[in-house]
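Content type TSV, C-alpha atoms, from the file final39.tsv:
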```tsv
chain	number	residue	atom	x	y	z
A	1	MET	CA	0.00	0.00	0.00
A	2	MET	CA	2.81	2.40	0.88
A	3	THR	CA	4.56	1.78	-2.40
A	4	ASN	CA	1.34	2.41	-4.36
A	5	LYS	CA	0.84	5.75	-2.59
A	6	ARG	CA	4.40	6.80	-3.37
A	7	THR	CA	4.10	5.85	-7.02
A	8	ASN	CA	0.82	7.76	-7.28
A	9	LYS	CA	2.42	10.87	-5.77
A	10	ILE	CA	5.34	10.61	-8.17
A	11	LYS	CA	2.96	10.34	-11.13
A	12	GLN	CA	0.96	13.34	-9.92
A	13	ASN	CA	4.12	15.43	-9.53
A	14	ARG	CA	5.25	14.49	-13.03
A	15	GLU	CA	1.89	15.51	-14.49
A	16	LYS	CA	2.05	18.84	-12.67
A	17	ASN	CA	5.57	19.49	-13.93
A	18	LYS	CA	4.51	18.70	-17.49
A	19	GLY	CA	1.73	21.25	-17.31
A	20	LYS	CA	4.00	23.99	-16.07
A	21	LYS	CA	5.85	26.07	-18.64
A	22	LYS	CA	9.56	26.21	-18.35
A	23	LYS	CA	10.85	29.59	-17.33
A	24	LYS	CA	13.17	31.23	-19.81
A	25	GLN	CA	16.63	31.70	-18.51
A	26	SER	CA	17.76	35.28	-18.48
A	27	PRO	CA	20.53	35.82	-21.00
A	28	PRO	CA	23.98	36.59	-19.66
A	29	PRO	CA	25.04	40.21	-19.89
A	30	LEU	CA	26.93	41.31	-22.95
A	31	PHE	CA	29.55	43.23	-21.02
A	32	GLN	CA	31.06	42.14	-17.74
A	33	LYS	CA	33.61	44.25	-15.91
A	34	LEU	CA	36.52	41.98	-15.14
A	35	CYS	CA	38.95	44.53	-13.76
A	36	GLY	CA	37.94	47.96	-12.50
A	37	LEU	CA	38.55	50.45	-9.75
A	38	GLU	CA	37.50	48.03	-7.02
A	39	THR	CA	40.00	45.45	-8.26
A	40	LEU	CA	42.85	47.95	-8.24
A	41	ILE	CA	41.93	49.12	-4.73
A	42	THR	CA	41.95	45.51	-3.51
A	43	VAL	CA	45.31	44.83	-5.17
A	44	GLU	CA	46.81	47.98	-3.67
A	45	ARG	CA	45.59	47.09	-0.19
A	46	SER	CA	46.90	43.55	-0.43
A	47	LEU	CA	50.25	44.22	-2.14
A	48	GLY	CA	51.08	47.74	-1.06
A	49	VAL	CA	53.08	50.29	-3.02
A	50	VAL	CA	56.10	48.02	-3.39
A	51	GLY	CA	53.92	45.19	-4.62
A	52	LEU	CA	52.24	47.46	-7.16
A	53	ALA	CA	55.64	48.51	-8.48
A	54	GLY	CA	56.64	44.86	-8.77
A	55	LEU	CA	53.41	44.01	-10.58
A	56	ASP	CA	54.08	46.88	-12.97
A	57	ARG	CA	57.53	45.49	-13.77
A	58	LEU	CA	56.07	42.03	-14.23
A	59	LEU	CA	53.59	43.35	-16.78
A	60	ALA	CA	56.41	45.20	-18.54
A	61	PHE	CA	58.43	41.99	-18.86
A	62	GLN	CA	55.32	40.22	-20.15
A	63	ILE	CA	54.92	42.89	-22.84
A	64	VAL	CA	58.59	42.50	-23.82
A	65	HIS	CA	58.17	38.74	-24.15
A	66	THR	CA	54.96	39.05	-26.18
A	67	LEU	CA	56.36	41.67	-28.55
A	68	SER	CA	59.55	39.70	-29.14
A	69	ALA	CA	57.64	36.51	-29.87
A	70	THR	CA	55.21	38.39	-32.13
A	71	CYS	CA	58.02	39.87	-34.22
A	72	ARG	CA	59.68	36.48	-34.62
A	73	GLU	CA	56.43	34.79	-35.62
A	74	PHE	CA	55.56	37.57	-38.04
A	75	LYS	CA	58.87	37.16	-39.86
A	76	VAL	CA	58.30	33.43	-40.27
A	77	GLN	CA	54.64	33.67	-41.28
A	78	ALA	CA	55.17	36.57	-43.71
A	79	LYS	CA	57.89	34.82	-45.72
A	80	PRO	CA	55.54	32.81	-48.00
A	81	ILE	CA	53.59	35.96	-48.93
A	82	ALA	CA	56.49	38.40	-49.01
A	83	ALA	CA	56.05	39.04	-52.73
A	84	PHE	CA	52.35	39.79	-52.27
A	85	LEU	CA	53.05	42.22	-49.42
A	86	GLU	CA	55.71	43.98	-51.47
A	87	HIS	CA	53.30	44.26	-54.40
A	88	LEU	CA	50.70	45.90	-52.16
A	89	GLN	CA	53.14	48.38	-50.66
A	90	CYS	CA	55.00	49.34	-53.83
A	91	GLN	CA	52.26	49.16	-56.47
A	92	ALA	CA	48.66	48.52	-55.40
A	93	LEU	CA	48.48	50.94	-52.46
A	94	ASP	CA	51.02	53.45	-53.74
A	95	PRO	CA	50.57	56.42	-53.72
A	96	GLU	CA	48.47	56.59	-50.56
A	97	TRP	CA	46.54	59.74	-51.51
A	98	LEU	CA	44.94	58.00	-54.51
A	99	PRO	CA	42.54	55.02	-54.61
A	100	PRO	CA	44.11	51.57	-55.04
A	101	ALA	CA	45.66	51.08	-58.45
A	102	SER	CA	43.27	48.39	-59.66
A	103	SER	CA	40.03	50.12	-58.58
A	104	THR	CA	38.17	52.76	-60.55
A	105	SER	CA	34.67	52.35	-59.09
A	106	SER	CA	33.03	51.51	-55.78
A	107	SER	CA	32.56	47.84	-56.66
A	108	GLU	CA	36.19	47.44	-57.69
A	109	THR	CA	37.37	49.16	-54.51
A	110	ALA	CA	35.26	46.83	-52.37
A	111	LYS	CA	36.50	43.79	-54.30
A	112	PHE	CA	40.11	44.88	-53.92
A	113	TYR	CA	39.91	45.28	-50.14
A	114	ALA	CA	37.90	42.06	-49.82
A	115	ALA	CA	40.55	40.12	-51.75
A	116	VAL	CA	43.38	41.60	-49.68
A	117	THR	CA	41.50	40.86	-46.45
A	118	LYS	CA	40.85	37.26	-47.46
A	119	LYS	CA	44.51	36.74	-48.36
A	120	LEU	CA	45.93	38.24	-45.16
A	121	GLU	CA	43.19	37.29	-42.70
A	122	PRO	CA	45.03	34.32	-41.08
A	123	LEU	CA	48.14	36.40	-40.49
A	124	ALA	CA	46.09	39.33	-39.20
A	125	HIS	CA	44.20	37.11	-36.74
A	126	ARG	CA	47.40	35.72	-35.25
A	127	LEU	CA	48.88	39.19	-34.99
A	128	GLY	CA	45.68	40.56	-33.48
A	129	SER	CA	45.55	38.00	-30.67
A	130	SER	CA	49.04	39.03	-29.55
A	131	LEU	CA	48.30	42.74	-29.83
A	132	LEU	CA	45.15	42.39	-27.74
A	133	ALA	CA	47.22	40.81	-24.96
A	134	VAL	CA	49.70	43.67	-25.22
A	135	GLY	CA	46.88	46.22	-25.14
A	136	HIS	CA	45.37	44.74	-21.98
A	137	ALA	CA	48.76	44.70	-20.26
A	138	GLN	CA	49.39	48.30	-21.28
A	139	LEU	CA	46.06	49.46	-19.88
A	140	LEU	CA	46.79	47.65	-16.62
A	141	ARG	CA	50.18	49.34	-16.47
A	142	LYS	CA	48.52	52.69	-17.06
A	143	SER	CA	46.12	52.13	-14.16
A	144	ILE	CA	48.92	50.99	-11.86
A	145	THR	CA	50.97	54.03	-12.87
A	146	HIS	CA	48.13	56.34	-11.84
A	147	ALA	CA	47.89	54.61	-8.45
A	148	LEU	CA	51.65	54.82	-7.86
A	149	CYS	CA	51.77	58.47	-8.90
A	150	LEU	CA	48.97	59.33	-6.47
A	151	ARG	CA	50.73	57.54	-3.62
A	152	SER	CA	54.04	59.25	-4.36
A	153	ARG	CA	52.40	62.68	-4.40
A	154	LEU	CA	50.60	62.06	-1.12
A	155	ASP	CA	53.29	60.18	0.82
A	156	ALA	CA	56.50	61.59	-0.71
A	157	SER	CA	55.68	64.88	-2.38
A	158	HIS	CA	59.25	66.22	-2.15
A	159	LEU	CA	60.64	63.09	-3.80
A	160	ASN	CA	58.00	63.32	-6.52
A	161	SER	CA	58.83	66.94	-7.29
A	162	THR	CA	62.57	66.25	-7.24
A	163	LEU	CA	62.24	63.36	-9.68
A	164	GLN	CA	60.13	65.45	-12.06
A	165	ALA	CA	62.64	68.32	-11.99
A	166	LEU	CA	65.63	66.01	-12.49
A	167	ASP	CA	63.92	64.17	-15.33
A	168	ALA	CA	63.00	67.41	-17.13
A	169	SER	CA	66.49	68.89	-16.72
A	170	LEU	CA	68.25	65.77	-17.99
A	171	LEU	CA	65.98	65.54	-21.02
A	172	THR	CA	66.57	69.21	-21.81
A	173	ASP	CA	70.36	68.80	-21.59
A	174	LEU	CA	70.34	65.64	-23.70
A	175	MET	CA	68.19	67.19	-26.42
A	176	ALA	CA	70.39	70.28	-26.49
A	177	HIS	CA	73.48	68.09	-26.84
A	178	TYR	CA	72.12	66.06	-29.76
A	179	GLN	CA	70.91	69.19	-31.54
A	180	ASP	CA	74.30	70.90	-31.24
A	181	PRO	CA	76.94	68.35	-30.15
A	182	GLN	CA	79.87	70.66	-30.92
A	183	HIS	CA	78.91	73.43	-28.52
A	184	LYS	CA	76.82	71.46	-26.02
A	185	PRO	CA	78.82	68.73	-24.26
A	186	TYR	CA	77.28	65.45	-23.22
A	187	PRO	CA	75.76	66.06	-19.77
A	188	LEU	CA	76.57	62.60	-18.39
A	189	ASP	CA	80.28	61.89	-18.25
A	190	ASP	CA	81.91	58.67	-17.03
A	191	ASP	CA	81.17	59.43	-13.38
A	192	LYS	CA	77.45	59.95	-14.05
A	193	LYS	CA	76.68	57.03	-16.33
A	194	ASN	CA	74.54	55.29	-13.73
A	195	ILE	CA	72.20	58.23	-13.27
A	196	LEU	CA	69.86	57.34	-16.12
A	197	PRO	CA	69.26	53.68	-15.10
A	198	GLU	CA	68.70	54.65	-11.48
A	199	LEU	CA	66.45	57.54	-12.44
A	200	SER	CA	64.42	55.26	-14.69
A	201	LYS	CA	63.83	52.84	-11.81
A	202	LEU	CA	62.75	55.64	-9.50
A	203	LEU	CA	60.41	57.10	-12.11
A	204	ASP	CA	58.77	53.71	-12.65
A	205	ALA	CA	58.39	53.12	-8.92
A	206	SER	CA	56.89	56.60	-8.42
A	207	GLY	CA	54.40	56.31	-11.27
A	208	LEU	CA	56.04	59.04	-13.37
A	209	SER	CA	56.68	56.85	-16.39
A	210	GLU	CA	54.52	56.71	-19.50
A	211	PRO	CA	53.71	53.13	-20.57
A	212	PHE	CA	52.20	54.16	-23.92
A	213	GLN	CA	55.42	55.92	-24.97
A	214	THR	CA	57.82	53.21	-23.80
A	215	ILE	CA	60.14	51.41	-26.22
A	216	TYR	CA	60.30	47.84	-24.94
A	217	ILE	CA	62.42	46.00	-27.50
A	218	ALA	CA	64.98	46.66	-30.22
A	219	THR	CA	63.51	45.55	-33.52
A	220	GLU	CA	64.49	45.01	-37.11
A	221	PRO	CA	62.38	46.25	-40.05
A	222	LEU	CA	59.31	44.12	-40.74
A	223	SER	CA	58.19	44.39	-44.34
A	224	GLY	CA	54.43	44.47	-44.79
A	225	LEU	CA	53.57	45.18	-41.15
A	226	SER	CA	51.48	48.25	-41.96
A	227	VAL	CA	49.47	46.35	-44.59
A	228	VAL	CA	48.67	43.52	-42.16
A	229	LEU	CA	47.63	46.05	-39.51
A	230	LEU	CA	45.36	47.67	-42.10
A	231	VAL	CA	43.69	44.30	-42.67
A	232	LEU	CA	43.38	43.83	-38.91
A	233	PHE	CA	41.54	47.15	-38.62
A	234	LEU	CA	39.33	46.23	-41.59
A	235	LEU	CA	38.34	42.97	-39.90
A	236	ALA	CA	37.64	44.75	-36.62
A	237	ALA	CA	35.65	47.55	-38.28
A	238	ALA	CA	33.28	45.01	-39.81
A	239	LYS	CA	32.58	43.27	-36.49
A	240	LEU	CA	32.42	46.08	-33.94
A	241	ASP	CA	29.78	48.62	-33.01
A	242	PHE	CA	30.17	51.89	-31.16
A	243	THR	CA	28.65	51.93	-27.68
A	244	PRO	CA	28.11	55.43	-26.24
A	245	SER	CA	27.95	54.13	-22.66
A	246	LEU	CA	31.45	52.68	-22.99
A	247	ALA	CA	32.72	55.27	-25.51
A	248	THR	CA	34.46	52.56	-27.51
A	249	LEU	CA	33.90	49.91	-30.15
A	250	VAL	CA	32.76	46.54	-28.82
A	251	MET	CA	31.60	43.30	-30.38
A	252	MET	CA	27.82	43.15	-30.18
A	253	ASN	CA	25.21	40.71	-31.42
A	254	LYS	CA	21.66	41.93	-30.98
A	255	ASN	CA	20.01	38.62	-31.86
A	256	LYS	CA	22.18	36.30	-29.78
A	257	TYR	CA	23.50	36.95	-26.32
A	258	ASN	CA	26.94	35.54	-26.89
A	259	ARG	CA	29.93	37.09	-28.51
A	260	SER	CA	31.70	35.71	-31.50
A	261	LYS	CA	33.83	32.64	-30.95
A	262	GLN	CA	36.72	34.38	-32.63
A	263	LEU	CA	38.81	37.13	-31.08
A	264	PRO	CA	37.13	38.95	-28.16
A	265	LEU	CA	37.70	42.29	-29.83
A	266	ASP	CA	37.67	45.57	-27.97
A	267	GLY	CA	38.30	48.68	-30.01
A	268	PHE	CA	40.39	50.71	-27.58
A	269	VAL	CA	42.43	47.70	-26.43
A	270	LEU	CA	43.24	46.95	-30.06
A	271	VAL	CA	44.29	50.55	-30.69
A	272	VAL	CA	46.62	50.52	-27.67
A	273	GLY	CA	48.15	47.22	-28.75
A	274	VAL	CA	48.76	48.41	-32.31
A	275	HIS	CA	50.28	51.67	-31.05
A	276	THR	CA	52.61	49.77	-28.72
A	277	MET	CA	53.70	47.55	-31.59
A	278	LEU	CA	54.38	50.47	-33.91
A	279	LYS	CA	56.18	52.40	-31.16
A	280	GLN	CA	58.97	49.83	-31.36
A	281	PHE	CA	59.64	50.73	-35.01
A	282	HIS	CA	60.52	53.81	-37.02
A	283	PRO	CA	57.80	56.51	-37.12
A	284	ALA	CA	57.46	55.82	-40.85
A	285	TYR	CA	55.47	52.68	-39.98
A	286	THR	CA	52.93	54.77	-38.07
A	287	ARG	CA	52.69	57.30	-40.87
A	288	GLN	CA	52.16	54.53	-43.41
A	289	LEU	CA	49.38	52.91	-41.40
A	290	LEU	CA	47.54	56.22	-40.98
A	291	ALA	CA	47.93	56.78	-44.72
A	292	TYR	CA	46.42	53.37	-45.51
A	293	LEU	CA	43.49	53.95	-43.14
A	294	SER	CA	42.83	57.36	-44.67
A	295	GLN	CA	43.16	55.90	-48.16
A	296	PHE	CA	40.47	53.34	-47.37
A	297	ILE	CA	38.07	56.04	-46.19
A	298	SER	CA	38.73	58.42	-49.07
A	299	SER	CA	38.57	55.73	-51.76
A	300	SER	CA	35.35	54.31	-50.31
A	301	LEU	CA	33.75	57.74	-50.17
A	302	SER	CA	34.82	58.70	-53.67
A	303	GLY	CA	33.82	55.32	-55.09
A	304	LEU	CA	30.40	55.30	-53.49
A	305	GLY	CA	29.78	58.92	-54.40
A	306	THR	CA	28.77	59.76	-50.85
A	307	VAL	CA	30.03	63.32	-51.09
A	308	SER	CA	27.35	65.22	-52.93
A	309	SER	CA	27.64	68.44	-54.87
A	310	SER	CA	26.63	70.40	-51.77
A	311	LYS	CA	29.59	68.91	-49.91
A	312	GLN	CA	27.40	67.24	-47.30
A	313	LEU	CA	27.60	63.65	-46.17
A	314	PRO	CA	24.49	61.46	-46.32
A	315	THR	CA	22.41	60.72	-43.26
A	316	GLU	CA	23.41	57.04	-43.16
A	317	ILE	CA	27.13	56.46	-42.96
A	318	PRO	CA	28.44	52.91	-43.51
A	319	ARG	CA	29.50	51.32	-40.26
A	320	GLU	CA	32.93	50.35	-41.59
A	321	LEU	CA	33.76	53.95	-42.48
A	322	SER	CA	32.54	55.28	-39.15
A	323	ASN	CA	34.52	52.67	-37.23
A	324	MET	CA	37.63	53.33	-39.31
A	325	ALA	CA	37.37	57.04	-38.54
A	326	TRP	CA	37.07	56.16	-34.85
A	327	PHE	CA	40.22	54.02	-35.11
A	328	ILE	CA	42.14	56.94	-36.64
A	329	ASP	CA	40.92	59.37	-33.98
A	330	SER	CA	41.66	57.01	-31.08
A	331	PHE	CA	45.06	56.05	-32.47
A	332	CYS	CA	46.08	59.70	-32.79
A	333	ARG	CA	44.94	60.39	-29.22
A	334	VAL	CA	46.87	57.43	-27.80
A	335	ALA	CA	49.98	58.20	-29.86
A	336	GLN	CA	49.69	61.94	-29.12
A	337	LEU	CA	49.72	62.76	-32.83
A	338	PRO	CA	47.76	65.34	-34.82
A	339	PRO	CA	45.05	63.99	-37.14
A	340	PRO	CA	46.35	62.98	-40.60
A	341	THR	CA	44.90	66.00	-42.41
A	342	HIS	CA	47.43	65.66	-45.23
A	343	PHE	CA	45.70	62.38	-46.18
A	344	LEU	CA	42.10	63.01	-45.10
A	345	PRO	CA	40.31	66.37	-44.64
A	346	LEU	CA	39.51	67.12	-41.03
A	347	ASP	CA	35.86	67.95	-41.76
A	348	ILE	CA	35.27	64.52	-43.28
A	349	LEU	CA	36.96	62.82	-40.35
A	350	ARG	CA	34.79	64.74	-37.89
A	351	ALA	CA	31.62	63.95	-39.83
A	352	LEU	CA	32.37	60.22	-39.88
A	353	LEU	CA	33.14	59.89	-36.18
A	354	PRO	CA	30.40	58.14	-34.17
A	355	SER	CA	31.24	60.29	-31.14
A	356	SER	CA	32.35	63.85	-30.56
A	357	PRO	CA	35.88	64.38	-31.91
A	358	SER	CA	38.79	65.05	-29.59
A	359	TYR	CA	40.01	68.06	-31.60
```

Is it possible to give me this structure as structure tokens?
Amino acid sequence: MMTNKRTNKIKQNREKNKGKKKKKQSPPPLFQKLCGLETLITVERSLGVVGLAGLDRLLAFQIVHTLSATCREFKVQAKPIAAFLEHLQCQALDPEWLPPASSTSSSETAKFYAAVTKKLEPLAHRLGSSLLAVGHAQLLRKSITHALCLRSRLDASHLNSTLQALDASLLTDLMAHYQDPQHKPYPLDDDKKNILPELSKLLDASGLSEPFQTIYIATEPLSGLSVVLLVLFLLAAAKLDFTPSLATLVMMNKNKYNRSKQLPLDGFVLVVGVHTMLKQFHPAYTRQLLAYLSQFISSSLSGLGTVSSSKQLPTEIPRELSNMAWFIDSFCRVAQLPPPTHFLPLDILRALLPSSPSY
């Protein structure tokens, strides 16, 4: 009898559960803050100022390792397509102020960039994954630098002021020497050779260094680097959307609540990583990349005929062009460079930006 009652109850519960509708699970949020102000406060309380300085050096060594490995891998992976990269640099994309050589209309321009993107996409993806890691590490270093600088100003204001004055005076003397070496002697003789290394350590520990302007490694020329970075920006511009609440480009999917299974792209992180990579090379690499980005915008606009006779842009701007303009603006802000007005008019750049321009 007891077993029959239990079986009847089980059957009744099953029938009730069948009648009930399953509740829909709430989708996970698109954006989750992994490291913010609270995290840095916790790290500072647990490690202290000395621990923060050590963490900053650890991140710097990680960036050095990643950049060195990236340069070595790029040399190996670019060898099979070296002729194609040279053709793009010397013929197809030269000169930068004109549309690509093989394109005379909007369809041909789109086909040209699509073919180049398809050819260089594997190399750009591998390069992008490394640059995203570098960008995250650089942003962490920037946050740690702000925390160290605040602590040095509050706890050791005299030391902070002395380091700033010594750094400025040494830089002034060194620049004066290299501008006129005959009349301006070298300020650091044999007895003062150790001043620069010791000063560099103190500046890093006091938060007076600038991670975005740091040269981490000594590099050799990499042929085709600017072209591959152009393809990387083209791939990112097609996948990202501008979010006003975050003031950056993020990967969004309005229909599904999961991001792409490819690279977890973040616009500003990518810009910082690319800038750090180019900072290790001659400034001509940076100029060439800005020229290629501006060439893409100008050729797309001229090919599509978006600039009317009244010199006004249409109401609907293609997302790729708007994102590319945002990349140029953000890159110039991070690199502390003026906008490339010699390649792209400033009014067009301002009109294409999804947010208010920084100049």

Residues of segment 51-166 of chain A at most 6 Å from segment 214-237 of chain A: nearest atom pair and distance in Å, only C-alpha atoms, as a Markdown table:
```
| residue | atom | partner | partner_atom | distance |
| --- | --- | --- | --- | --- |
| A:Val64 | CA | A:Tyr216 | CA | 5.7 |
| A:Leu85 | CA | A:Gly224 | CA | 5.3 |
| A:Thr117 | CA | A:Val231 | CA | 5.6 |
| A:Ala124 | CA | A:Leu232 | CA | 5.3 |
```

_What's the separation between atom CA of Ala83 of chain A and atom CA of Ala284 of chain A, in Å to one decimal place?_
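If I compute the distance from atom CA of Ala83 of chain A to atom CA of Ala284 of chain A, I get 20.6 Å.
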
*Nearby residues (only C-alpha atoms) at most 12 Å from Leu148 of chain A, same-chain spacing under 4 positions excluded, as a ChimeraX atom specification*: /A:40-41,44,48-56,141-144,152-156,160,202-209

Export, as a short mmCIF file (atom, residue, chain, number, x, y, z; two decimals), in the frame of the given file, the selected residues with C-alpha atoms.
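The resulting out27.cif:
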```cif
data_model
loop_
_atom_site.label_atom_id
_atom_site.label_comp_id
_atom_site.auth_asym_id
_atom_site.auth_seq_id
_atom_site.Cartn_x
_atom_site.Cartn_y
_atom_site.Cartn_z
CA LEU A 40 42.85 47.95 -8.24
CA ILE A 41 41.93 49.12 -4.73
CA GLU A 44 46.81 47.98 -3.67
CA GLY A 48 51.08 47.74 -1.06
CA VAL A 49 53.08 50.29 -3.02
CA VAL A 50 56.10 48.02 -3.39
CA GLY A 51 53.92 45.19 -4.62
CA LEU A 52 52.24 47.46 -7.16
CA ALA A 53 55.64 48.51 -8.48
CA GLY A 54 56.64 44.86 -8.77
CA LEU A 55 53.41 44.01 -10.58
CA ASP A 56 54.08 46.88 -12.97
CA ARG A 141 50.18 49.34 -16.47
CA LYS A 142 48.52 52.69 -17.06
CA SER A 143 46.12 52.13 -14.16
CA ILE A 144 48.92 50.99 -11.86
CA SER A 152 54.04 59.25 -4.36
CA ARG A 153 52.40 62.68 -4.40
CA LEU A 154 50.60 62.06 -1.12
CA ASP A 155 53.29 60.18 0.82
CA ALA A 156 56.50 61.59 -0.71
CA ASN A 160 58.00 63.32 -6.52
CA LEU A 202 62.75 55.64 -9.50
CA LEU A 203 60.41 57.10 -12.11
CA ASP A 204 58.77 53.71 -12.65
CA ALA A 205 58.39 53.12 -8.92
CA SER A 206 56.89 56.60 -8.42
CA GLY A 207 54.40 56.31 -11.27
CA LEU A 208 56.04 59.04 -13.37
CA SER A 209 56.68 56.85 -16.39
#
```

_One number please: atom CA of Val43 of chain A to atom CA of Leu139 of chain A, in Å, one decimal._
15.4 Å

_Under the rule that all atoms listed in the file are counted, which of A:Leu346, A:Leu98, A:Leu246, A:Ile63 is the nearest residue to Asp329 of chain A?_
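Looking only at the distances to Asp329 of chain A, the closest residue turns out to be A:Leu346.
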
_For Leu171 of chain A: contacts at 12 Å, only C-alpha atoms, fewer than 4 positions along chain excluded, given as number ranges by chain_ = A: 164-167, 175-178, 186-188, 196, 199

Can those selected residues be exported to a file as a CSV table (one decimal), in the coordinates of the input so that it contains C-alpha atoms?
```csv
chain,number,residue,atom,x,y,z
A,164,GLN,CA,60.1,65.4,-12.1
A,165,ALA,CA,62.6,68.3,-12.0
A,166,LEU,CA,65.6,66.0,-12.5
A,167,ASP,CA,63.9,64.2,-15.3
A,175,MET,CA,68.2,67.2,-26.4
A,176,ALA,CA,70.4,70.3,-26.5
A,177,HIS,CA,73.5,68.1,-26.8
A,178,TYR,CA,72.1,66.1,-29.8
A,186,TYR,CA,77.3,65.4,-23.2
A,187,PRO,CA,75.8,66.1,-19.8
A,188,LEU,CA,76.6,62.6,-18.4
A,196,LEU,CA,69.9,57.3,-16.1
A,199,LEU,CA,66.4,57.5,-12.4
```

_Between atom CA of Val334 of chain A and atom CA of Thr248 of chain A, distance in Å (one decimal)_ =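 Atom CA of Thr248 of chain A lies at a distance of 13.3 Å from atom CA of Val334 of chain A.
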